[in-house]
Structure formats: C-alpha cells, structure tokens
$ cat my_file28.cif   # mmCIF, C-alpha atoms
data_model
#
loop_
_atom_site.label_atom_id
_atom_site.label_comp_id
_atom_site.auth_asym_id
_atom_site.auth_seq_id
_atom_site.Cartn_x
_atom_site.Cartn_y
_atom_site.Cartn_z
CA MET L 1 0.00 0.00 0.00
CA SER L 2 1.36 3.43 -0.89
CA HIS L 3 1.76 6.21 1.64
CA SER L 4 -1.01 8.77 1.79
CA THR L 5 0.09 12.37 2.00
CA GLY L 6 -3.37 13.95 2.02
CA PRO L 7 -5.25 15.18 5.06
CA ALA L 8 -5.75 12.68 7.82
CA PRO L 9 -9.21 11.10 7.96
CA ALA L 10 -11.70 12.48 10.41
CA LEU L 11 -11.90 10.46 13.58
CA PRO L 12 -15.23 9.40 15.07
CA SER L 13 -16.73 12.02 17.34
CA LEU L 14 -16.15 11.27 21.00
CA PRO L 15 -18.99 12.73 23.08
CA ASP L 16 -18.53 12.56 26.82
CA SER L 17 -22.03 11.36 27.45
CA THR L 18 -23.01 10.00 30.82
CA LEU L 19 -22.29 6.31 31.06
CA ALA L 20 -24.70 3.82 32.50
CA THR L 21 -22.97 2.37 35.55
CA LEU L 22 -23.36 -1.02 37.15
CA PRO L 23 -24.00 -1.66 40.83
CA ALA L 24 -20.76 -1.57 42.80
CA THR L 25 -20.44 -5.32 43.36
CA GLY L 26 -16.66 -5.40 43.67
CA LYS L 27 -16.20 -3.44 46.88
CA ILE L 28 -14.10 -4.86 49.67
CA ASP L 29 -16.92 -4.33 52.18
CA SER L 30 -17.93 -7.80 53.38
CA THR L 31 -21.60 -7.06 52.83
CA THR L 32 -21.03 -7.36 49.07
CA THR L 33 -19.52 -10.84 49.26
CA PRO L 34 -22.08 -13.48 48.17
CA THR L 35 -23.09 -15.95 50.86
CA LEU L 36 -22.45 -19.54 49.85
CA SER L 37 -24.74 -22.34 50.95
CA THR L 38 -25.81 -25.78 49.84
CA ARG L 39 -29.18 -24.71 48.51
CA PRO L 40 -29.84 -24.64 44.75
CA GLY L 41 -28.30 -21.68 42.99
CA ILE L 42 -24.85 -21.92 44.58
CA GLU L 43 -23.17 -21.92 41.16
CA GLU L 44 -24.92 -18.69 40.19
CA ALA L 45 -23.97 -17.09 43.51
CA ARG L 46 -20.33 -18.02 43.00
CA SER L 47 -20.30 -16.41 39.57
CA ASN L 48 -20.93 -13.02 41.19
CA VAL L 49 -17.39 -11.87 40.49
CA ALA L 50 -16.14 -8.76 42.29
CA GLU L 51 -15.71 -6.35 39.40
CA ILE L 52 -14.47 -2.77 39.37
CA ASP L 53 -17.13 -0.18 38.61
CA PHE L 54 -16.04 3.23 37.35
CA ARG L 55 -17.00 6.05 35.03
CA TYR L 56 -13.50 7.23 34.07
CA LEU L 57 -10.15 5.72 35.05
CA THR L 58 -6.65 7.18 34.74
CA ALA L 59 -3.33 5.42 35.28
CA LYS L 60 0.39 6.11 35.18
CA SER L 61 2.16 2.91 34.24
CA LYS L 62 5.16 1.12 32.78
CA ILE L 63 4.65 -1.02 29.72
CA SER L 64 6.81 -3.75 28.20
CA PHE L 65 5.98 -5.40 24.90
CA LYS L 66 7.78 -8.09 22.94
CA SER L 67 6.69 -9.59 19.63
CA ARG L 68 8.45 -11.02 16.60
CA ASP L 69 9.23 -7.52 15.28
CA GLN L 70 8.96 -5.16 18.28
CA ASP L 71 10.64 -4.90 21.66
CA ILE L 72 9.63 -2.18 24.13
CA ASP L 73 11.08 -2.33 27.64
CA ASN L 74 9.63 -0.38 30.58
CA ALA L 75 8.31 2.59 28.62
CA ASN L 76 6.24 5.17 30.50
CA VAL L 77 2.57 5.19 29.56
CA ASN L 78 -0.39 7.32 30.63
CA ILE L 79 -3.73 5.55 30.26
CA ARG L 80 -7.24 7.02 30.32
CA VAL L 81 -10.39 4.91 30.04
CA ARG L 82 -14.03 5.81 29.60
CA LYS L 83 -15.79 2.64 30.63
CA ASP L 84 -17.00 0.44 27.77
CA SER L 85 -16.26 3.22 25.28
CA LEU L 86 -12.69 4.58 24.96
CA ILE L 87 -9.11 3.72 25.84
CA TRP L 88 -6.54 6.50 25.35
CA MET L 89 -2.82 6.09 25.90
CA SER L 90 0.37 8.08 25.54
CA ILE L 91 3.74 6.29 25.54
CA SER L 92 6.92 8.25 26.30
CA LYS L 93 10.60 7.47 25.95
CA LEU L 94 13.25 9.56 27.71
CA GLY L 95 10.60 12.11 28.61
CA ILE L 96 9.42 12.60 25.01
CA GLU L 97 6.02 11.38 23.80
CA ALA L 98 6.67 8.78 21.11
CA VAL L 99 3.27 7.17 20.55
CA ARG L 100 -0.34 8.17 21.15
CA GLY L 101 -3.18 5.70 20.70
CA LEU L 102 -6.97 5.75 20.78
CA ILE L 103 -9.03 2.57 20.99
CA THR L 104 -12.79 2.61 20.43
CA LYS L 105 -15.32 -0.19 20.08
CA ASP L 106 -14.57 -0.30 16.35
CA SER L 107 -10.98 0.76 15.76
CA ILE L 108 -7.45 1.34 16.99
CA VAL L 109 -5.59 4.43 15.79
CA ILE L 110 -1.86 4.75 16.57
CA ILE L 111 0.16 7.93 16.01
CA ASP L 112 3.94 7.45 15.76
CA LYS L 113 5.31 10.90 16.62
CA ILE L 114 8.92 9.90 16.11
CA HIS L 115 8.47 8.88 12.47
CA ARG L 116 5.49 11.17 11.79
CA GLU L 117 3.26 8.31 10.75
CA TYR L 118 -0.07 6.90 11.83
CA SER L 119 -1.83 3.56 11.52
CA VAL L 120 -5.51 2.64 11.62
CA TYR L 121 -6.67 -0.86 12.49
CA ASP L 122 -10.02 -2.50 12.99
CA PHE L 123 -10.62 -5.51 15.23
CA PRO L 124 -11.59 -7.95 12.43
CA THR L 125 -8.31 -7.17 10.61
CA LEU L 126 -6.25 -7.55 13.80
CA SER L 127 -8.06 -10.79 14.58
CA LYS L 128 -7.07 -12.14 11.16
CA GLN L 129 -3.47 -10.98 11.59
CA PHE L 130 -3.09 -12.79 14.92
CA ASN L 131 -5.52 -15.54 13.93
CA PHE L 132 -7.23 -14.75 17.23
CA ASP L 133 -10.43 -12.93 18.20
CA MET L 134 -9.54 -9.41 19.39
CA ASN L 135 -12.08 -6.92 20.73
CA PHE L 136 -12.43 -3.82 22.90
CA ASP L 137 -13.81 -5.67 25.94
CA LEU L 138 -10.75 -7.92 26.05
CA LEU L 139 -8.39 -4.91 26.03
CA GLN L 140 -10.40 -3.12 28.73
CA ALA L 141 -10.39 -6.28 30.86
CA LEU L 142 -6.60 -6.38 30.52
CA ILE L 143 -6.33 -2.93 32.11
CA VAL L 144 -8.94 -3.15 34.89
CA GLY L 145 -9.24 -6.89 35.60
CA ASN L 146 -12.95 -7.36 34.87
CA LEU L 147 -14.55 -10.22 32.95
CA PRO L 148 -14.17 -9.75 29.18
CA LEU L 149 -17.55 -11.40 28.54
CA PRO L 150 -20.75 -10.52 30.42
CA LYS L 151 -21.84 -12.92 33.15
CA ARG L 152 -24.82 -15.10 32.33
CA PRO L 153 -26.96 -16.62 35.13
CA ALA L 154 -27.07 -20.09 33.57
CA GLN L 155 -23.29 -20.53 33.50
CA LYS L 156 -21.81 -22.90 36.03
CA VAL L 157 -18.77 -22.56 38.25
CA LYS L 158 -16.65 -25.38 39.62
CA ASN L 159 -13.82 -25.56 42.14
CA GLU L 160 -10.37 -25.76 40.56
CA ARG L 161 -7.66 -25.97 43.24
CA ASP L 162 -7.65 -22.54 44.94
CA TYR L 163 -9.92 -20.97 42.33
CA LEU L 164 -13.50 -20.91 41.22
CA LEU L 165 -13.49 -21.65 37.50
CA LEU L 166 -16.13 -19.87 35.40
CA ARG L 167 -16.28 -21.08 31.79
CA GLN L 168 -17.80 -18.89 29.09
CA SER L 169 -18.09 -19.25 25.32
CA GLU L 170 -18.66 -16.75 22.55
CA GLY L 171 -18.73 -18.19 19.04
CA LYS L 172 -15.48 -20.09 18.50
CA VAL L 173 -13.85 -18.65 21.61
CA LEU L 174 -13.72 -20.41 24.99
CA VAL L 175 -12.98 -18.19 28.02
CA GLU L 176 -11.89 -19.69 31.34
CA ASN L 177 -12.01 -17.24 34.28
CA TYR L 178 -10.07 -18.25 37.39
CA ILE L 179 -11.61 -16.40 40.33
CA GLY L 180 -10.16 -16.08 43.84
CA GLU L 181 -12.30 -18.13 46.24
CA GLN L 182 -12.11 -15.58 49.06
CA ASP L 183 -11.97 -12.13 47.45
CA ARG L 184 -13.91 -13.02 44.25
CA LYS L 185 -11.35 -11.22 42.09
CA LEU L 186 -10.44 -12.43 38.61
CA LYS L 187 -6.87 -13.74 39.02
CA LYS L 188 -6.25 -15.49 35.70
CA LEU L 189 -7.94 -15.62 32.32
CA MET L 190 -7.42 -18.17 29.55
CA VAL L 191 -8.93 -17.46 26.13
CA THR L 192 -8.73 -20.27 23.56
CA GLU L 193 -9.86 -20.03 19.97
CA GLN L 194 -11.36 -23.16 18.47
CA PRO L 195 -10.23 -25.01 16.44
CA THR L 196 -6.82 -23.29 16.04
CA LYS L 197 -5.96 -23.62 19.76
CA ASN L 198 -4.44 -20.14 19.68
CA THR L 199 -4.41 -18.92 23.28
CA LEU L 200 -4.29 -15.68 25.18
CA ARG L 201 -3.51 -15.76 28.89
CA LEU L 202 -3.95 -12.88 31.32
CA ASP L 203 -2.43 -13.01 34.79
CA TYR L 204 -3.36 -10.35 37.34
CA GLU L 205 -1.05 -9.60 40.27
CA ASP L 206 -0.31 -7.00 42.96
CA PHE L 207 -3.91 -6.47 44.06
CA THR L 208 -4.21 -3.21 46.01
CA SER L 209 -7.12 -1.30 47.51
CA LEU L 210 -8.47 1.42 45.19
CA SER L 211 -11.58 3.39 46.21
CA ASN L 212 -12.92 0.39 48.15
CA PHE L 213 -12.17 -1.98 45.27
CA LEU L 214 -9.31 -4.44 44.81
CA PHE L 215 -7.38 -3.46 41.69
CA PRO L 216 -4.63 -5.50 39.95
CA TYR L 217 -1.61 -3.19 39.59
CA THR L 218 0.19 -5.68 37.34
CA SER L 219 -1.21 -7.39 34.25
CA LEU L 220 0.72 -9.98 32.26
CA VAL L 221 -0.41 -11.10 28.81
CA THR L 222 0.89 -14.05 26.82
CA LEU L 223 -0.44 -14.59 23.31
CA ASP L 224 0.53 -17.82 21.51
CA TYR L 225 -0.67 -18.04 17.93
CA LYS L 226 0.03 -19.67 14.60
CA SER L 227 0.56 -17.18 11.80
CA LYS L 228 -1.70 -17.58 8.78
CA THR L 229 1.05 -16.03 6.66
CA ASP L 230 3.88 -18.52 7.17
CA GLY L 231 2.30 -21.22 9.35
CA GLN L 232 4.86 -20.63 12.13
CA PHE L 233 4.05 -20.31 15.82
CA TYR L 234 4.77 -16.98 17.51
CA GLN L 235 4.49 -15.53 20.99
CA THR L 236 3.67 -11.96 22.00
CA LEU L 237 4.27 -10.79 25.57
CA LEU L 238 2.83 -7.69 27.24
CA ARG L 239 3.23 -6.42 30.79
CA ILE L 240 1.49 -3.39 32.26
CA LYS L 241 2.60 -2.31 35.73
CA HIS L 242 0.62 0.59 37.21
CA SER L 243 2.23 3.01 39.67
CA LYS L 244 -0.81 5.28 40.16
CA VAL L 245 -4.47 4.60 39.36
CA GLU L 246 -7.46 6.87 39.97
CA MET L 247 -11.19 6.55 39.31
CA VAL L 248 -12.79 9.91 38.56
CA GLU L 249 -16.30 11.15 37.77
CA LYS L 250 -15.33 13.89 35.30
CA SER L 251 -13.76 13.27 31.92
CA PRO L 252 -9.94 13.57 32.05
CA GLY L 253 -9.99 14.48 28.34
CA PHE L 254 -8.94 12.38 25.37
CA PRO L 255 -6.90 14.77 23.17
CA PHE L 256 -6.26 13.15 19.81
CA ASN L 257 -5.58 14.61 16.39
CA ILE L 258 -3.44 13.53 13.44
CA PRO L 259 -1.31 16.29 11.87
CA ALA L 260 -2.04 16.75 8.16
CA ASN L 261 1.60 16.10 7.19
CA TYR L 262 1.71 12.64 8.84
CA LYS L 263 1.74 9.68 6.46
CA ARG L 264 -0.56 6.74 6.89
CA ARG L 265 1.40 3.55 7.32
CA PRO L 266 -0.04 0.48 5.57
#
$ encode --input "my_file28.cif" --output "structure tokens"
Amino acid sequence: MSHSTGPAPALPSLPDSTLATLPATGKIDSTTTPTLSTRPGIEEARSNVAEIDFRYLTAKSKISFKSRDQDIDNANVNIRVRKDSLIWMSISKLGIEAVRGLITKDSIVIIDKIHREYSVYDFPTLSKQFNFDMNFDLLQALIVGNLPLPKRPAQKVKNERDYLLLRQSEGKVLVENYIGEQDRKLKKLMVTEQPTKNTLRLDYEDFTSLSNFLFPYTSLVTLDYKSKTDGQFYQTLLRIKHSKVEMVEKSPGFPFNIPANYKRRP
C-alpha cells in the first residue's frame, strides 16, 4: 500500500455522554460478598465476580511489549479509560512522547510521533493478523481486571484448586475465568480459539485497595498463535505495571488529532 500524504481522515466524534454504571459489586466491604450455601443456585452465587465499577479511570504505568518484530522495555505510559467506550494512551521514551493511541469499540488508531506516521486498524483485521479474536472488551479487561464477557446466570462454576473456574463461550472462543475463592477477584484468564488452539492468557497480580475496590496493579499477557502467513508459531508478551491509578467522575480528556503532514502507514 502506498503512503497517503493527504489530510488525515476524520476520527469518530467522541462525546462525553453520561455512562450507565453497574451496581458496585466489587467493593471490599464484606456485605457485598455473596453468601455460599448448599441450597440450589450456589453456582450462580459463586459467579458473582467482584468487578471494578467506574466512570473514568486514569493510570500512570510502565509497559513492556515483545513480539516477533517489536521490543519495548519499561516505557512510561499514561492511560485514560471511559468505561465500555474509549481507551486512550500516551507512551513516552526519555521524557518525550513517542506514541499516542486511541481505541474505540470499532478501531485502533496509533500515532507514531517519532516517524510522523499513523496507523488505523479494525478488530476484524487484527483478529485475522493474529488468527485470534480481538475486541475492545478484552483490552479493557486487561487494564482493569474485569470479565471480558458478560456474566450469564445459567453458567456454572466449579472448584479448581484454589480458584472458582467460570467457563464462558462466545462463538469459536472459549474463556476460562479463574476467580479467587475468598476475594472473588479475577486472578487469571485463559482465552482459547477453536479449532486453532491459539491462546491468550492474562495473569493479574499485585492487588491493592483502590476506592474500596481491589485493583490489579500488574497485568501480564501471553499470546501464543500460529501465523496464517507462514504457518509458524509466535508468541507476543505484554506487561502493564501501574504506579498510580485513579477513578474519577469527570472526563480527564482524550486529546487526539493527526497532523495533516503525517503519512498513513499500511
């Protein structure tokens, strides 16, 4: 694909409309912990995972990323999230902003300020590239530690060593949620695509109190996939380690514009 030197395309409008919020089920307060008993419905009660409820979230973090053609080690990143709607991030190296990204339900736009280029991706294209189902909810779950798929009352939970295992399926994707038996926090997530057996694993660590919630300050991602291009197996690793996280009611702002002289990278 040839480089485009014309004006950058208009980005989707980003209204800061009021978000519908869920009941705060993930608070540390013991009154929110489901009571387990032997009566019918115990499986449904156990699936009441303690999730983080927020309107806007901001974080200062370190990010490391390693793939077959990229290696980023401990870069500084500022993250802003509008729940179920937007993820904004700014990555800096040596105090200079190098990359700015905006993720919506439909697309990912990356601005490379060092090379004065930008890239636009959509989730179906990324899913084909990695031969793995990618979506906004999965990326948001990576940052905040919530379930990537909505809970459904009919789903069952079983004991698996020190975890409660909640299995979910969406099309060809099987999701296994490993939930802490005591604090009801999602500790580990395994996503497997059928029939390729490509897998994505999320591990959440360093749980710390945040506005009466338990928040994972470290997220580790391991993606193992077989490339459709050359048939080889590859691994992508991502680690996000937060140093400061805040949940706020007012929009922190999501400044994002592509200079007209930036070239679109194919």
$ closest_residue --input "my_file28.cif" --among "L:Asp112, L:Asp53, L:Pro259, L:Phe65" --to "L:Thr222" --atoms "only C-alpha atoms"
L:Phe65
$ residues_near_point --input "my_file28.cif" --point "(-1.6, -9.2, 38.2)" --cutoff "9 Å" --atoms "all atoms listed in the file" --output "PDB file with C-alpha atoms, in the frame of the given file"
ATOM      1  CA  GLY L 145      -9.240  -6.890  35.600  1.00  0.00           C
ATOM      2  CA  LYS L 187      -6.870 -13.740  39.020  1.00  0.00           C
ATOM      3  CA  LYS L 188      -6.250 -15.490  35.700  1.00  0.00           C
ATOM      4  CA  LEU L 202      -3.950 -12.880  31.320  1.00  0.00           C
ATOM      5  CA  ASP L 203      -2.430 -13.010  34.790  1.00  0.00           C
ATOM      6  CA  TYR L 204      -3.360 -10.350  37.340  1.00  0.00           C
ATOM      7  CA  GLU L 205      -1.050  -9.600  40.270  1.00  0.00           C
ATOM      8  CA  ASP L 206      -0.310  -7.000  42.960  1.00  0.00           C
ATOM      9  CA  PHE L 207      -3.910  -6.470  44.060  1.00  0.00           C
ATOM     10  CA  PHE L 215      -7.380  -3.460  41.690  1.00  0.00           C
ATOM     11  CA  PRO L 216      -4.630  -5.500  39.950  1.00  0.00           C
ATOM     12  CA  TYR L 217      -1.610  -3.190  39.590  1.00  0.00           C
ATOM     13  CA  THR L 218       0.190  -5.680  37.340  1.00  0.00           C
ATOM     14  CA  SER L 219      -1.210  -7.390  34.250  1.00  0.00           C
ATOM     15  CA  LEU L 220       0.720  -9.980  32.260  1.00  0.00           C
ATOM     16  CA  ILE L 240       1.490  -3.390  32.260  1.00  0.00           C
ATOM     17  CA  LYS L 241       2.600  -2.310  35.730  1.00  0.00           C
TER      18      LYS L 241
END
$ resolve_selection --input "my_file28.cif" --expression "the PyMOL selection byres ((chain L and resi 92) around 12)" --output "list in words"
Lys60, Ser61, Lys62, Ile63, Ile72, Asp73, Asn74, Ala75, Asn76, Val77, Asn78, Ile79, Met89, Ser90, Ile91, Lys93, Leu94, Gly95, Ile96, Glu97, Ala98, Val99, Arg100, Gly101, Asp112, Lys113 and Ile114 of chain L
$ write_last_selection --input "my_file28.cif" --atoms "C-alpha atoms" --output "mmCIF file, keeping the file's coordinate frame"
data_model
loop_
_atom_site.group_PDB
_atom_site.id
_atom_site.type_symbol
_atom_site.label_atom_id
_atom_site.label_comp_id
_atom_site.auth_asym_id
_atom_site.auth_seq_id
_atom_site.Cartn_x
_atom_site.Cartn_y
_atom_site.Cartn_z
ATOM 1 C CA LYS L 60 0.390 6.110 35.180
ATOM 2 C CA SER L 61 2.160 2.910 34.240
ATOM 3 C CA LYS L 62 5.160 1.120 32.780
ATOM 4 C CA ILE L 63 4.650 -1.020 29.720
ATOM 5 C CA ILE L 72 9.630 -2.180 24.130
ATOM 6 C CA ASP L 73 11.080 -2.330 27.640
ATOM 7 C CA ASN L 74 9.630 -0.380 30.580
ATOM 8 C CA ALA L 75 8.310 2.590 28.620
ATOM 9 C CA ASN L 76 6.240 5.170 30.500
ATOM 10 C CA VAL L 77 2.570 5.190 29.560
ATOM 11 C CA ASN L 78 -0.390 7.320 30.630
ATOM 12 C CA ILE L 79 -3.730 5.550 30.260
ATOM 13 C CA MET L 89 -2.820 6.090 25.900
ATOM 14 C CA SER L 90 0.370 8.080 25.540
ATOM 15 C CA ILE L 91 3.740 6.290 25.540
ATOM 16 C CA LYS L 93 10.600 7.470 25.950
ATOM 17 C CA LEU L 94 13.250 9.560 27.710
ATOM 18 C CA GLY L 95 10.600 12.110 28.610
ATOM 19 C CA ILE L 96 9.420 12.600 25.010
ATOM 20 C CA GLU L 97 6.020 11.380 23.800
ATOM 21 C CA ALA L 98 6.670 8.780 21.110
ATOM 22 C CA VAL L 99 3.270 7.170 20.550
ATOM 23 C CA ARG L 100 -0.340 8.170 21.150
ATOM 24 C CA GLY L 101 -3.180 5.700 20.700
ATOM 25 C CA ASP L 112 3.940 7.450 15.760
ATOM 26 C CA LYS L 113 5.310 10.900 16.620
ATOM 27 C CA ILE L 114 8.920 9.900 16.110
#
$ residues_around --input "my_file28.cif" --residues "stretch 229-233 of chain L" --least-positions-apart "4" --cutoff "9 Å" --atoms "all atoms listed in the file" --output "compact mmCIF listing (two decimals) with C-alpha atoms, in the frame of the given file"
# COMPACT_ATOMS: atom_id res chain seq x y z
CA GLN L 129 -3.47 -10.98 11.59
CA ASP L 224 0.53 -17.82 21.51
CA TYR L 225 -0.67 -18.04 17.93
$ closest_residue --input "my_file28.cif" --among "L:Ser67, L:Asn261, L:Ser251, L:Gln168" --to "L:Gln235" --atoms "only C-alpha atoms"
L:Ser67
$ atom_distance --input "my_file28.cif" --atom1 "atom CA of L:Asp133" --atom2 "atom CA of L:Leu174"
10.6 Å
$ resolve_selection --input "my_file28.cif" --expression "the PyMOL selection byres ((chain L and resi 148) around 10)" --output "list in words"
Asn135, Phe136, Asp137, Leu138, Leu139, Gln140, Ala141, Leu142, Gly145, Asn146, Leu147, Leu149, Pro150, Lys151, Gln168, Val175, Asn177, Leu189 and Val191 of chain L
$ resolve_selection --input "my_file28.cif" --expression "the PyMOL selection byres ((chain L and resi 117) around 9)" --output "ChimeraX atom specification"
/L:110-116,118-119,258,261-265
$ residues_around --input "my_file28.cif" --residues "L:Glu193" --least-positions-apart "2" --cutoff "12 Å" --atoms "only C-alpha atoms" --output "PDB file with C-alpha atoms, in the coordinates of the input"
ATOM      1  CA  SER L 127      -8.060 -10.790  14.580  1.00  0.00           C
ATOM      2  CA  PHE L 130      -3.090 -12.790  14.920  1.00  0.00           C
ATOM      3  CA  ASN L 131      -5.520 -15.540  13.930  1.00  0.00           C
ATOM      4  CA  PHE L 132      -7.230 -14.750  17.230  1.00  0.00           C
ATOM      5  CA  ASP L 133     -10.430 -12.930  18.200  1.00  0.00           C
ATOM      6  CA  MET L 134      -9.540  -9.410  19.390  1.00  0.00           C
ATOM      7  CA  SER L 169     -18.090 -19.250  25.320  1.00  0.00           C
ATOM      8  CA  GLU L 170     -18.660 -16.750  22.550  1.00  0.00           C
ATOM      9  CA  GLY L 171     -18.730 -18.190  19.040  1.00  0.00           C
ATOM     10  CA  LYS L 172     -15.480 -20.090  18.500  1.00  0.00           C
ATOM     11  CA  VAL L 173     -13.850 -18.650  21.610  1.00  0.00           C
ATOM     12  CA  LEU L 174     -13.720 -20.410  24.990  1.00  0.00           C
ATOM     13  CA  VAL L 175     -12.980 -18.190  28.020  1.00  0.00           C
ATOM     14  CA  GLU L 176     -11.890 -19.690  31.340  1.00  0.00           C
ATOM     15  CA  MET L 190      -7.420 -18.170  29.550  1.00  0.00           C
ATOM     16  CA  VAL L 191      -8.930 -17.460  26.130  1.00  0.00           C
ATOM     17  CA  PRO L 195     -10.230 -25.010  16.440  1.00  0.00           C
ATOM     18  CA  THR L 196      -6.820 -23.290  16.040  1.00  0.00           C
ATOM     19  CA  LYS L 197      -5.960 -23.620  19.760  1.00  0.00           C
ATOM     20  CA  ASN L 198      -4.440 -20.140  19.680  1.00  0.00           C
ATOM     21  CA  THR L 199      -4.410 -18.920  23.280  1.00  0.00           C
ATOM     22  CA  LEU L 200      -4.290 -15.680  25.180  1.00  0.00           C
ATOM     23  CA  ARG L 201      -3.510 -15.760  28.890  1.00  0.00           C
ATOM     24  CA  LEU L 223      -0.440 -14.590  23.310  1.00  0.00           C
ATOM     25  CA  ASP L 224       0.530 -17.820  21.510  1.00  0.00           C
ATOM     26  CA  TYR L 225      -0.670 -18.040  17.930  1.00  0.00           C
ATOM     27  CA  LYS L 226       0.030 -19.670  14.600  1.00  0.00           C
TER      28      LYS L 226
END
$ residues_around --input "my_file28.cif" --residues "L:Glu246" --least-positions-apart "5" --cutoff "9 Å" --atoms "all atoms listed in the file" --output "ChimeraX atom specification"
/L:56-59,210-211
